[in-house]
>>> print(open('run.cif').read())   # mmCIF, C-alpha atoms
data_work
loop_
_atom_site.label_atom_id
_atom_site.label_comp_id
_atom_site.auth_asym_id
_atom_site.auth_seq_id
_atom_site.Cartn_x
_atom_site.Cartn_y
_atom_site.Cartn_z
CA MET I 1 -6.55 17.63 -23.10
CA ALA I 2 -9.03 15.67 -21.04
CA GLU I 3 -11.40 17.33 -18.60
CA LEU I 4 -11.41 15.98 -15.05
CA SER I 5 -14.80 14.41 -15.71
CA GLU I 6 -13.31 12.44 -18.60
CA LEU I 7 -10.53 11.20 -16.31
CA MET I 8 -13.13 10.26 -13.68
CA ALA I 9 -14.84 8.16 -16.36
CA LEU I 10 -11.79 5.88 -16.58
CA PRO I 11 -12.33 2.40 -15.11
CA GLY I 12 -11.66 2.39 -11.37
CA ALA I 13 -11.11 6.17 -11.13
CA VAL I 14 -11.35 7.32 -7.51
CA ALA I 15 -10.01 10.86 -7.96
CA ALA I 16 -8.78 13.24 -10.63
CA PHE I 17 -7.15 16.60 -10.22
CA GLU I 18 -5.30 19.45 -11.84
CA MET I 19 -2.20 21.03 -10.33
CA ASN I 20 0.03 23.99 -11.08
CA ASP I 21 3.75 23.85 -11.95
CA ARG I 22 4.62 23.48 -8.27
CA GLY I 23 2.13 20.67 -7.68
CA GLU I 24 -0.41 22.76 -5.78
CA LEU I 25 -3.96 21.52 -6.15
CA LEU I 26 -6.11 23.67 -8.43
CA GLU I 27 -9.22 21.61 -9.22
CA HIS I 28 -10.22 18.16 -8.12
CA LYS I 29 -12.90 15.49 -8.10
CA ILE I 30 -13.07 12.65 -5.58
CA ALA I 31 -15.39 9.63 -5.87
CA ALA I 32 -17.67 9.10 -2.90
CA ARG I 33 -16.14 5.67 -2.23
CA SER I 34 -12.60 7.08 -1.85
CA ASP I 35 -10.79 7.80 1.42
CA LEU I 36 -8.62 10.41 -0.30
CA ASP I 37 -9.17 14.07 0.50
CA ALA I 38 -8.03 17.41 -0.94
CA GLN I 39 -4.96 17.54 1.32
CA ALA I 40 -3.84 14.08 0.15
CA LEU I 41 -4.38 15.10 -3.48
CA ASP I 42 -2.35 18.27 -2.95
CA LEU I 43 0.53 16.14 -1.64
CA LEU I 44 0.09 13.72 -4.53
CA GLY I 45 0.28 16.71 -6.89
CA HIS I 46 3.62 17.68 -5.41
CA MET I 47 4.77 14.06 -5.83
CA CYS I 48 3.69 14.11 -9.47
CA VAL I 49 5.80 17.20 -10.18
CA ALA I 50 8.77 15.77 -8.24
CA ASN I 51 8.64 12.44 -10.03
CA ILE I 52 8.25 13.89 -13.51
CA ALA I 53 11.26 16.10 -12.77
CA ILE I 54 13.34 13.14 -11.54
CA ALA I 55 12.30 10.98 -14.49
CA THR I 56 13.12 13.82 -16.89
CA MET I 57 16.60 14.10 -15.42
CA GLN I 58 17.03 10.32 -15.74
CA ALA I 59 15.81 10.24 -19.33
CA ARG I 60 18.09 13.14 -20.21
CA GLY I 61 21.09 11.46 -18.61
CA TRP I 62 20.27 8.05 -20.08
CA GLU I 63 19.97 9.39 -23.62
CA ALA I 64 23.18 11.40 -23.20
CA VAL I 65 25.23 8.34 -22.31
CA SER I 66 23.53 5.63 -24.40
CA ASP I 67 22.27 5.18 -27.95
CA ASN I 68 18.91 4.16 -26.57
CA LYS I 69 16.57 7.09 -27.33
CA GLY I 70 12.83 7.38 -26.84
CA PHE I 71 12.44 8.24 -23.15
CA TYR I 72 12.83 12.02 -23.34
CA PRO I 73 10.70 14.11 -22.97
CA ILE I 74 8.82 12.25 -20.27
CA ASN I 75 5.14 11.75 -21.09
CA GLY I 76 4.01 10.52 -17.72
CA PHE I 77 4.69 8.93 -14.36
CA THR I 78 2.62 6.47 -12.33
CA LEU I 79 2.96 5.80 -8.64
CA VAL I 80 1.55 2.34 -7.89
CA GLY I 81 0.42 2.35 -4.29
CA MET I 82 -1.03 -0.53 -2.28
CA ASP I 83 -4.66 -0.04 -3.34
CA TRP I 84 -4.48 2.58 -6.09
CA SER I 85 -2.25 4.04 -8.77
CA ALA I 86 -1.75 7.77 -9.40
CA VAL I 87 -1.19 8.27 -13.14
CA THR I 88 0.04 11.71 -14.14
CA ASN I 89 1.14 13.73 -17.13
CA GLY I 90 1.30 17.47 -17.64
CA HIS I 91 -0.82 19.23 -15.04
CA ARG I 92 -3.30 16.41 -14.53
CA CYS I 93 -3.44 13.25 -12.48
CA VAL I 94 -5.97 10.46 -12.17
CA VAL I 95 -6.04 8.00 -9.27
CA LEU I 96 -7.20 4.50 -10.27
CA ALA I 97 -8.09 1.48 -8.13
CA ASN I 98 -5.32 -1.06 -8.83
CA GLY I 99 -7.68 -3.92 -9.66
CA GLU I 100 -9.34 -1.92 -12.45
CA ALA I 101 -6.45 0.28 -13.59
CA ASP I 102 -6.02 0.52 -17.36
CA TYR I 103 -2.69 2.31 -17.60
CA GLU I 104 -2.66 2.45 -21.40
CA LEU I 105 -6.08 4.11 -21.50
CA ALA I 106 -5.17 6.52 -18.71
CA TYR I 107 -2.03 7.67 -20.55
CA ALA I 108 -3.98 7.97 -23.80
CA ARG I 109 -6.51 10.21 -22.09
CA LEU I 110 -3.87 12.29 -20.32
CA GLY I 111 -2.23 12.98 -23.69
CA VAL I 112 1.41 13.70 -24.48
CA ASP I 113 1.89 16.99 -22.69
CA GLY I 114 5.62 16.45 -22.37
CA GLY I 115 6.00 16.48 -26.15
CA GLU I 116 7.16 13.92 -28.67
CA THR I 117 10.66 12.95 -29.76
CA MET Q 1 12.15 -17.15 -13.41
CA LEU Q 2 10.33 -13.82 -13.67
CA LEU Q 3 12.98 -12.00 -15.74
CA ALA Q 4 12.88 -14.70 -18.43
CA GLU Q 5 9.10 -14.65 -18.37
CA LEU Q 6 9.08 -10.85 -18.75
CA VAL Q 7 11.46 -10.71 -21.70
CA ASN Q 8 9.28 -13.29 -23.46
CA GLN Q 9 6.33 -10.88 -23.35
CA PRO Q 10 5.68 -9.01 -26.61
CA GLY Q 11 7.48 -5.67 -26.75
CA VAL Q 12 9.55 -6.19 -23.59
CA ILE Q 13 13.10 -5.17 -24.47
CA ALA Q 14 14.77 -6.02 -21.19
CA ALA Q 15 14.00 -6.87 -17.59
CA GLY Q 16 16.20 -6.67 -14.53
CA GLU Q 17 16.35 -7.08 -10.79
CA TYR Q 18 18.42 -5.12 -8.26
CA SER Q 19 19.21 -5.37 -4.57
CA TYR Q 20 17.96 -2.49 -2.44
CA ARG Q 21 21.46 -2.23 -0.99
CA GLY Q 22 22.67 -1.36 -4.47
CA ASP Q 23 25.41 -3.98 -4.49
CA ARG Q 24 24.14 -6.37 -7.18
CA PHE Q 25 21.85 -6.62 -10.18
CA SER Q 26 20.88 -9.15 -12.84
CA TYR Q 27 19.08 -8.76 -16.16
CA LYS Q 28 17.88 -10.40 -19.33
CA GLY Q 29 17.18 -8.89 -22.73
CA GLU Q 30 18.58 -6.66 -25.38
CA ILE Q 31 20.72 -4.27 -23.35
CA ASP Q 32 24.39 -4.51 -22.49
CA ASP Q 33 26.00 -4.82 -19.08
CA GLU Q 34 26.65 -1.11 -18.65
CA MET Q 35 23.12 -0.10 -19.61
CA ALA Q 36 21.70 -2.71 -17.27
CA ARG Q 37 23.86 -1.35 -14.46
CA MET Q 38 22.68 2.20 -15.15
CA ALA Q 39 19.07 1.07 -15.39
CA ALA Q 40 19.37 -0.73 -12.04
CA ILE Q 41 20.85 2.40 -10.40
CA MET Q 42 18.06 4.60 -11.77
CA CYS Q 43 15.27 2.21 -10.88
CA ARG Q 44 16.63 1.73 -7.38
CA ALA Q 45 16.86 5.51 -6.89
CA THR Q 46 13.28 6.01 -8.07
CA SER Q 47 11.98 3.21 -5.84
CA MET Q 48 13.74 4.73 -2.81
CA SER Q 49 12.21 8.09 -3.63
CA GLU Q 50 8.75 6.60 -4.08
CA HIS Q 51 9.05 4.85 -0.72
CA MET Q 52 9.79 8.12 1.06
CA GLN Q 53 7.00 9.95 -0.76
CA VAL Q 54 4.38 7.36 0.09
CA GLY Q 55 5.62 7.42 3.68
CA MET Q 56 4.97 11.16 3.73
CA LEU Q 57 1.53 10.68 2.21
CA GLU Q 58 0.76 8.08 4.86
CA GLN Q 59 1.46 10.70 7.55
CA PHE Q 60 -1.13 13.04 6.03
CA CYS Q 61 -3.65 10.42 5.03
CA PRO Q 62 -3.28 7.29 7.20
CA ASP Q 63 -4.74 4.10 5.73
CA CYS Q 64 -5.85 5.84 2.57
CA GLY Q 65 -4.52 3.04 0.37
CA GLY Q 66 -1.13 4.25 -0.81
CA SER Q 67 1.22 2.52 1.58
CA PRO Q 68 3.23 0.39 1.13
CA PRO Q 69 4.07 1.39 -2.44
CA ARG Q 70 4.08 -1.40 -5.01
CA GLY Q 71 5.90 0.23 -7.90
CA TRP Q 72 5.96 2.93 -10.51
CA ILE Q 73 5.84 3.56 -14.27
CA VAL Q 74 7.73 6.14 -16.35
CA ARG Q 75 6.30 6.79 -19.78
CA GLY Q 76 8.45 8.13 -22.61
CA PRO Q 77 7.43 8.82 -26.22
CA MET Q 78 8.73 5.45 -27.47
CA PHE Q 79 9.58 3.46 -24.38
CA THR Q 80 8.17 2.86 -20.93
CA VAL Q 81 9.95 1.66 -17.81
CA CYS Q 82 7.88 -0.10 -15.19
CA ASN Q 83 8.99 -1.31 -11.80
CA VAL Q 84 7.33 -3.51 -9.18
CA ALA Q 85 9.23 -4.24 -5.94
CA ASN Q 86 12.89 -4.58 -7.07
CA VAL Q 87 12.17 -5.77 -10.61
CA PHE Q 88 12.02 -3.51 -13.67
CA ALA Q 89 11.11 -3.89 -17.33
CA PHE Q 90 11.76 -1.75 -20.41
CA LEU Q 91 8.88 -1.85 -22.89
CA HIS Q 92 8.37 -0.65 -26.42
CA ASN Q 93 5.15 1.42 -26.28
CA GLN Q 94 3.80 0.23 -29.63
CA ALA Q 95 4.65 -3.45 -29.29
CA ALA Q 96 3.99 -4.12 -25.60
CA SER Q 97 0.91 -4.11 -23.43
CA LEU Q 98 1.76 -2.08 -20.33
CA ASN Q 99 -1.35 -3.43 -18.61
CA ASP Q 100 -0.38 -7.06 -19.25
CA VAL Q 101 3.20 -6.55 -18.13
CA MET Q 102 2.13 -4.69 -14.97
CA ALA Q 103 -0.45 -7.39 -14.19
CA LEU Q 104 2.18 -10.12 -14.59
CA MET Q 105 4.71 -8.29 -12.40
CA GLN Q 106 2.13 -7.50 -9.72
CA ARG Q 107 0.93 -11.10 -9.70
CA ARG Q 108 4.41 -12.60 -9.44
CA LEU Q 109 5.65 -10.05 -6.89
CA ALA Q 110 2.51 -9.82 -4.77
CA ASP Q 111 4.34 -11.20 -1.72
CA ALA Q 112 7.60 -9.31 -2.22
CA PRO Q 113 8.84 -7.61 0.98
CA THR Q 114 8.20 -3.86 1.16
CA ASP Q 115 10.83 -2.84 3.72
CA LEU Q 116 13.57 -2.23 1.12
CA VAL Q 117 15.94 -4.73 2.72
CA MET U 1 27.07 13.89 22.55
CA ILE U 2 24.71 15.15 19.87
CA LYS U 3 23.08 17.40 22.47
CA ARG U 4 25.91 19.88 21.99
CA LEU U 5 24.41 20.75 18.58
CA LEU U 6 21.45 22.29 20.41
CA ALA U 7 23.84 24.89 21.82
CA ILE U 8 24.32 26.35 18.33
CA ASP U 9 22.17 29.40 17.61
CA GLY U 10 19.01 28.58 15.71
CA VAL U 11 19.15 24.78 16.10
CA ALA U 12 15.64 23.71 17.13
CA ALA U 13 16.13 19.94 17.11
CA VAL U 14 18.71 17.26 16.49
CA CYS U 15 18.29 13.52 15.92
CA LYS U 16 20.41 10.48 15.31
CA CYS U 17 19.38 7.29 13.57
CA ARG U 18 21.12 3.99 12.88
CA ASP U 19 22.21 2.92 9.40
CA ASP U 20 18.97 0.95 9.06
CA GLY U 21 16.89 4.02 9.96
CA ALA U 22 16.05 3.03 13.54
CA PHE U 23 15.77 6.01 15.90
CA VAL U 24 18.69 6.29 18.34
CA GLU U 25 18.18 9.60 20.13
CA GLY U 26 16.71 13.02 19.58
CA TYR U 27 16.53 16.34 21.43
CA GLY U 28 14.93 19.71 20.91
CA MET U 29 11.78 21.72 20.84
CA MET U 30 9.43 19.12 19.40
CA PRO U 31 7.54 16.11 20.78
CA ASP U 32 9.21 12.68 20.80
CA GLU U 33 7.05 11.34 17.98
CA GLN U 34 8.10 14.27 15.76
CA LEU U 35 11.74 13.64 16.59
CA GLU U 36 11.30 10.00 15.57
CA ALA U 37 9.55 11.07 12.36
CA LEU U 38 12.43 13.47 11.66
CA ALA U 39 14.97 10.64 12.05
CA LEU U 40 12.97 8.46 9.66
CA PHE U 41 12.66 11.29 7.16
CA ALA U 42 16.41 11.88 7.33
CA HIS U 43 17.09 8.20 6.72
CA GLU U 44 14.79 8.08 3.68
CA TYR U 45 16.15 11.38 2.37
CA LYS U 46 19.69 10.09 2.71
CA ARG U 47 18.83 7.12 0.50
CA ILE U 48 17.35 9.45 -2.12
CA VAL U 49 20.41 11.69 -2.09
CA GLN U 50 22.61 8.60 -2.43
CA GLY U 51 20.53 7.59 -5.45
CA ASN U 52 20.87 11.08 -6.94
CA ALA U 53 24.62 11.08 -6.35
CA ASP U 54 24.94 7.65 -8.01
CA GLN U 55 23.11 8.99 -11.05
CA LEU U 56 25.14 12.21 -11.21
CA SER U 57 28.28 10.12 -11.07
CA MET U 58 26.97 7.79 -13.78
CA PHE U 59 25.69 10.46 -16.16
CA THR U 60 28.52 12.98 -15.83
CA GLY U 61 31.37 10.45 -15.66
CA LYS U 62 33.00 12.68 -13.05
CA SER U 63 34.11 11.56 -9.62
CA GLY U 64 33.43 13.31 -6.35
CA TRP U 65 29.69 12.76 -6.06
CA THR U 66 29.64 9.54 -4.11
CA PRO U 67 29.27 8.77 -1.33
CA PRO U 68 27.35 11.96 -0.57
CA THR U 69 28.33 13.66 2.69
CA GLY U 70 24.97 15.15 3.54
CA TRP U 71 22.10 17.30 2.37
CA ILE U 72 20.28 20.55 3.14
CA VAL U 73 16.66 21.40 2.44
CA ARG U 74 16.15 25.14 2.74
CA GLY U 75 12.61 26.26 3.53
CA SER U 76 11.35 29.83 3.81
CA GLY U 77 11.79 30.00 7.58
CA MET U 78 13.37 26.68 8.54
CA SER U 79 16.05 24.40 7.14
CA VAL U 80 16.68 20.71 7.66
CA CYS U 81 20.26 19.58 7.26
CA SER U 82 22.03 16.28 7.67
CA VAL U 83 25.49 14.74 7.71
CA GLY U 84 25.95 11.00 8.16
CA ASN U 85 23.30 9.69 10.52
CA LEU U 86 22.62 13.06 12.17
CA VAL U 87 19.93 15.56 11.24
CA CYS U 88 19.22 19.09 12.50
CA VAL U 89 16.30 21.47 12.21
CA LEU U 90 17.43 25.09 12.03
CA GLU U 91 15.55 28.37 12.22
CA ASN U 92 17.01 30.33 9.30
CA GLY U 93 16.81 33.74 10.90
CA GLU U 94 18.35 32.59 14.17
CA GLY U 95 21.43 30.71 13.09
CA ASN U 96 24.13 30.07 10.55
CA LEU U 97 23.71 27.05 8.28
CA THR U 98 27.42 26.80 7.52
CA GLU U 99 28.26 26.62 11.19
CA VAL U 100 25.65 23.92 11.74
CA MET U 101 26.96 21.85 8.82
CA LYS U 102 30.52 22.08 10.14
CA GLU U 103 29.45 21.01 13.58
CA LEU U 104 27.32 18.16 12.15
CA ALA U 105 30.33 16.92 10.18
CA GLU U 106 32.49 16.98 13.29
CA VAL U 107 29.98 15.31 15.61
CA SER U 108 29.00 12.67 13.05
CA HIS U 109 32.62 11.48 12.91
CA LEU U 110 33.05 11.24 16.67
#
>>> encode(input="run.cif", output="C-alpha cells")
Amino acid sequence: MAELSELMALPGAVAAFEMNDRGELLEHKIAARSDLDAQALDLLGHMCVANIAIATMQARGWEAVSDNKGFYPINGFTLVGMDWSAVTNGHRCVVLANGEADYELAYARLGVDGGET
Amino acid sequence: MLLAELVNQPGVIAAGEYSYRGDRFSYKGEIDDEMARMAAIMCRATSMSEHMQVGMLEQFCPDCGGSPPRGWIVRGPMFTVCNVANVFAFLHNQAASLNDVMALMQRRLADAPTDLV
Amino acid sequence: MIKRLLAIDGVAAVCKCRDDGAFVEGYGMMPDEQLEALALFAHEYKRIVQGNADQLSMFTGKSGWTPPTGWIVRGSGMSVCSVGNLVCVLENGEGNLTEVMKELAEVSHL
C-alpha cells in the first residue's frame, strides 16, 4: 500500500490523504500550490466512502441481474471536478490536477484494496 | 458521433448517453437494450449524486477547483465505467487505456452544460 | 400555507422549492441564505433518492420503490425530512418525526 508521499509523487498531485471507515481525515499532505485545505479533504474523504459504497451497491446489483461480471468488488472511484480529480481506493485518496492526471498510474499505486474477483 | 468514436477505441465495450431527466438513452457496443437501460439509470444516479456532493464541497471550499463536476470513474477488477457529462463508457481494464478514453471524452464534452438539464 | 408546519413541536425550519430546484419560500430559525441552501440541498437530495429508488426497482424486480415519496436523514440531534417539494428541519428531542412526515405529506398535496 502506497505511502502518502508516494501518492504525492504522482504527476499533478495536489493533495493526498488517508481516511477512516467513515471518511474522517486521518493524515494528509497538501501541495503548496493547492487551494484545498484539511476541511475540504475531510469532506472529500466522506465523499470517497459514500461513492465507493454506492458503486459497490451498483456493482452488486448489476452482477446479480446480468451475466456481465468483473465490477465487484469495487477497486476505486474517481470524482472528476472542474480543475482536479480525486482518485480513491481503500482508505486513501489522491487529488490530481486534471491536465496531468494519470488515472491508470494512480489506481496502480492505490492498489486493489477492495479485493479481486 | 462521440458514442461511435468511443466504441472504436481499444477495449471500450460499450458507450451510452442519457438525458438528465431520465426519459431517454442511446448506446452503442456489445451490450443489450436492457443492460444499456440499467447502465444509463446507474450512471445518471451517480452523476446526480456527484453533483450534490461537489455542491456541498463548494460551500465549504469556494472556488477550490471542484465545481462544476465534470465526471467520475468507477474501477472494478476487470472493468471500469467512466462518465463525463451525460455520456458513459464501459472499458475492459486490460485492453483499454482509461487515460486515453477520459481525455477523448473530456475533449469532446468540454462545452457540455453542467446544470443537469 | 407551509408556515403551519412551524407550529409542530421541534420543527426549526421549513422550505419549499419548485420542481427545478428554485427556492419558493422558507420560514424558521435560520437566515434566509441558509433557508435557500436547505431548499437546494433538498432538491439535490430528492434527485439522488429518485436515482436510488430507480436502482432498487431495477435490481430487485419488485414494484413499490418509485416514485419515492420522500426521505429522512437522521442526525444525532437534528433530522432533515422531505416529502415532495417541501423540506423540514427537526430537533429530534423536541418533536415527533412521524408527525412531521404526516403533516409534510398532507401539506405537499394541498
>>> resolve_selection(input="run.cif", expression="the PyMOL selection byres ((chain I) within 10 of (chain U))", output="ChimeraX atom specification")
/I:54,57-58,60-66
>>> closest_atom_pairs(input="run.cif", of="chain U", to="chain Q", cutoff="8 Å", atoms="only C-alpha atoms", output="JSON lines")
{"residue": "U:Phe41", "atom": "CA", "partner": "Q:Met52", "partner_atom": "CA", "distance": 7.4}
{"residue": "U:Glu44", "atom": "CA", "partner": "Q:Met52", "partner_atom": "CA", "distance": 5.6}
{"residue": "U:Tyr45", "atom": "CA", "partner": "Q:Met52", "partner_atom": "CA", "distance": 7.3}
{"residue": "U:Arg47", "atom": "CA", "partner": "Q:Met48", "partner_atom": "CA", "distance": 6.5}
{"residue": "U:Ile48", "atom": "CA", "partner": "Q:Ser49", "partner_atom": "CA", "distance": 5.5}
{"residue": "U:Gln50", "atom": "CA", "partner": "Q:Ala45", "partner_atom": "CA", "distance": 7.9}
{"residue": "U:Gly51", "atom": "CA", "partner": "Q:Ala45", "partner_atom": "CA", "distance": 4.5}
{"residue": "U:Asn52", "atom": "CA", "partner": "Q:Ala45", "partner_atom": "CA", "distance": 6.9}
{"residue": "U:Asp54", "atom": "CA", "partner": "Q:Ile41", "partner_atom": "CA", "distance": 7.1}
{"residue": "U:Gln55", "atom": "CA", "partner": "Q:Met42", "partner_atom": "CA", "distance": 6.7}
{"residue": "U:Met58", "atom": "CA", "partner": "Q:Met38", "partner_atom": "CA", "distance": 7.2}
>>> write_last_selection(input="run.cif", atoms="C-alpha atoms", output="CSV table (one decimal), in the coordinates of the input")
chain,number,residue,atom,x,y,z
U,41,PHE,CA,12.7,11.3,7.2
U,44,GLU,CA,14.8,8.1,3.7
U,45,TYR,CA,16.2,11.4,2.4
U,47,ARG,CA,18.8,7.1,0.5
U,48,ILE,CA,17.4,9.4,-2.1
U,50,GLN,CA,22.6,8.6,-2.4
U,51,GLY,CA,20.5,7.6,-5.4
U,52,ASN,CA,20.9,11.1,-6.9
U,54,ASP,CA,24.9,7.6,-8.0
U,55,GLN,CA,23.1,9.0,-11.0
U,58,MET,CA,27.0,7.8,-13.8
>>> atom_distance(input="run.cif", atom1="CA of Leu25 (chain I)", atom2="CA of Asn51 (chain I)")
16.0 Å
>>> interface_residues(input="run.cif", of="chain Q", to="chain I", cutoff="8 Å", atoms="all atoms listed in the file", output="number ranges by chain")
Q: 35, 42, 46, 50, 53-54, 57, 60-61, 64-80, 97-99
>>> closest_residue(input="run.cif", among="Q:Ala85, Q:Ala95, Q:Ala15, Q:Ala103", to="Asp115 (chain Q)", atoms="only C-alpha atoms")
Q:Ala85
>>> resolve_selection(input="run.cif", expression="the PyMOL selection byres ((chain I and resi 93) around 9)", output="CSV table (one decimal) with C-alpha atoms, in the frame of the given file")
chain,number,residue,atom,x,y,z
I,4,LEU,CA,-11.4,16.0,-15.0
I,7,LEU,CA,-10.5,11.2,-16.3
I,15,ALA,CA,-10.0,10.9,-8.0
I,16,ALA,CA,-8.8,13.2,-10.6
I,17,PHE,CA,-7.2,16.6,-10.2
I,18,GLU,CA,-5.3,19.4,-11.8
I,19,MET,CA,-2.2,21.0,-10.3
I,44,LEU,CA,0.1,13.7,-4.5
I,45,GLY,CA,0.3,16.7,-6.9
I,48,CYS,CA,3.7,14.1,-9.5
I,86,ALA,CA,-1.8,7.8,-9.4
I,87,VAL,CA,-1.2,8.3,-13.1
I,88,THR,CA,0.0,11.7,-14.1
I,89,ASN,CA,1.1,13.7,-17.1
I,90,GLY,CA,1.3,17.5,-17.6
I,91,HIS,CA,-0.8,19.2,-15.0
I,92,ARG,CA,-3.3,16.4,-14.5
I,94,VAL,CA,-6.0,10.5,-12.2
I,95,VAL,CA,-6.0,8.0,-9.3
I,110,LEU,CA,-3.9,12.3,-20.3
>>> closest_residue(input="run.cif", among="I:Val49, I:Pro11, I:Ser5, I:Ala106", to="His28 (chain I)", atoms="all atoms listed in the file")
I:Ser5
>>> residues_near_point(input="run.cif", point="(14.7, 3.7, 16.3)", cutoff="12 Å", atoms="all atoms listed in the file", output="JSON, numbers by chain")
{"U": [15, 16, 17, 18, 19, 20, 21, 22, 23, 24, 25, 26, 32, 33, 35, 36, 37, 38, 39, 40, 43, 85]}
>>> write_last_selection(input="run.cif", atoms="C-alpha atoms", output="compact mmCIF listing (two decimals), in the frame of the given file")
# COMPACT_ATOMS: atom_id res chain seq x y z
CA CYS U 15 18.29 13.52 15.92
CA LYS U 16 20.41 10.48 15.31
CA CYS U 17 19.38 7.29 13.57
CA ARG U 18 21.12 3.99 12.88
CA ASP U 19 22.21 2.92 9.40
CA ASP U 20 18.97 0.95 9.06
CA GLY U 21 16.89 4.02 9.96
CA ALA U 22 16.05 3.03 13.54
CA PHE U 23 15.77 6.01 15.90
CA VAL U 24 18.69 6.29 18.34
CA GLU U 25 18.18 9.60 20.13
CA GLY U 26 16.71 13.02 19.58
CA ASP U 32 9.21 12.68 20.80
CA GLU U 33 7.05 11.34 17.98
CA LEU U 35 11.74 13.64 16.59
CA GLU U 36 11.30 10.00 15.57
CA ALA U 37 9.55 11.07 12.36
CA LEU U 38 12.43 13.47 11.66
CA ALA U 39 14.97 10.64 12.05
CA LEU U 40 12.97 8.46 9.66
CA HIS U 43 17.09 8.20 6.72
CA ASN U 85 23.30 9.69 10.52
>>> resolve_selection(input="run.cif", expression="the PyMOL selection byres ((chain U and resi 101) around 12)", output="PyMOL selection string")
chain U and resi 5+8+11+69-72+79-84+86-90+95-100+102-108
>>> write_last_selection(input="run.cif", atoms="C-alpha atoms", output="PDB file, in the coordinates of the input")
ATOM      1  CA  LEU U   5      24.410  20.750  18.580  1.00  0.00           C
ATOM      2  CA  ILE U   8      24.320  26.350  18.330  1.00  0.00           C
ATOM      3  CA  VAL U  11      19.150  24.780  16.100  1.00  0.00           C
ATOM      4  CA  THR U  69      28.330  13.660   2.690  1.00  0.00           C
ATOM      5  CA  GLY U  70      24.970  15.150   3.540  1.00  0.00           C
ATOM      6  CA  TRP U  71      22.100  17.300   2.370  1.00  0.00           C
ATOM      7  CA  ILE U  72      20.280  20.550   3.140  1.00  0.00           C
ATOM      8  CA  SER U  79      16.050  24.400   7.140  1.00  0.00           C
ATOM      9  CA  VAL U  80      16.680  20.710   7.660  1.00  0.00           C
ATOM     10  CA  CYS U  81      20.260  19.580   7.260  1.00  0.00           C
ATOM     11  CA  SER U  82      22.030  16.280   7.670  1.00  0.00           C
ATOM     12  CA  VAL U  83      25.490  14.740   7.710  1.00  0.00           C
ATOM     13  CA  GLY U  84      25.950  11.000   8.160  1.00  0.00           C
ATOM     14  CA  LEU U  86      22.620  13.060  12.170  1.00  0.00           C
ATOM     15  CA  VAL U  87      19.930  15.560  11.240  1.00  0.00           C
ATOM     16  CA  CYS U  88      19.220  19.090  12.500  1.00  0.00           C
ATOM     17  CA  VAL U  89      16.300  21.470  12.210  1.00  0.00           C
ATOM     18  CA  LEU U  90      17.430  25.090  12.030  1.00  0.00           C
ATOM     19  CA  GLY U  95      21.430  30.710  13.090  1.00  0.00           C
ATOM     20  CA  ASN U  96      24.130  30.070  10.550  1.00  0.00           C
ATOM     21  CA  LEU U  97      23.710  27.050   8.280  1.00  0.00           C
ATOM     22  CA  THR U  98      27.420  26.800   7.520  1.00  0.00           C
ATOM     23  CA  GLU U  99      28.260  26.620  11.190  1.00  0.00           C
ATOM     24  CA  VAL U 100      25.650  23.920  11.740  1.00  0.00           C
ATOM     25  CA  LYS U 102      30.520  22.080  10.140  1.00  0.00           C
ATOM     26  CA  GLU U 103      29.450  21.010  13.580  1.00  0.00           C
ATOM     27  CA  LEU U 104      27.320  18.160  12.150  1.00  0.00           C
ATOM     28  CA  ALA U 105      30.330  16.920  10.180  1.00  0.00           C
ATOM     29  CA  GLU U 106      32.490  16.980  13.290  1.00  0.00           C
ATOM     30  CA  VAL U 107      29.980  15.310  15.610  1.00  0.00           C
ATOM     31  CA  SER U 108      29.000  12.670  13.050  1.00  0.00           C
TER      32      SER U 108
END
>>> atom_distance(input="run.cif", atom1="CA of Ala32 (chain I)", atom2="CA of Ala2 (chain I)")
21.1 Å
>>> atom_distance(input="run.cif", atom1="CA of Glu34 (chain Q)", atom2="CA of Lys46 (chain U)")
25.1 Å
>>> axis_aligned_box(input="run.cif", around="region 23-37 of chain U", padding_each_side="6 Å", output="lines of an AutoDock Vina configuration file")
center_x = 12.9
center_y = 13.9
center_z = 16.9
size_x = 23.6
size_y = 27.7
size_z = 21.1
>>> residues_near_point(input="run.cif", point="(3.7, -10.4, -2.6)", cutoff="12 Å", atoms="all atoms listed in the file", output="number ranges by chain")
I: 82; Q: 68-70, 84-86, 105-114
>>> closest_residue(input="run.cif", among="Q:Glu30, Q:Asp63, Q:Glu58, Q:Asp23", to="Phe90 (chain Q)", atoms="only C-alpha atoms")
Q:Glu30
>>> closest_residue(input="run.cif", among="Q:Val101, Q:Ala96, Q:Ala89, Q:Ile31", to="Gly11 (chain Q)", atoms="only C-alpha atoms")
Q:Ala96
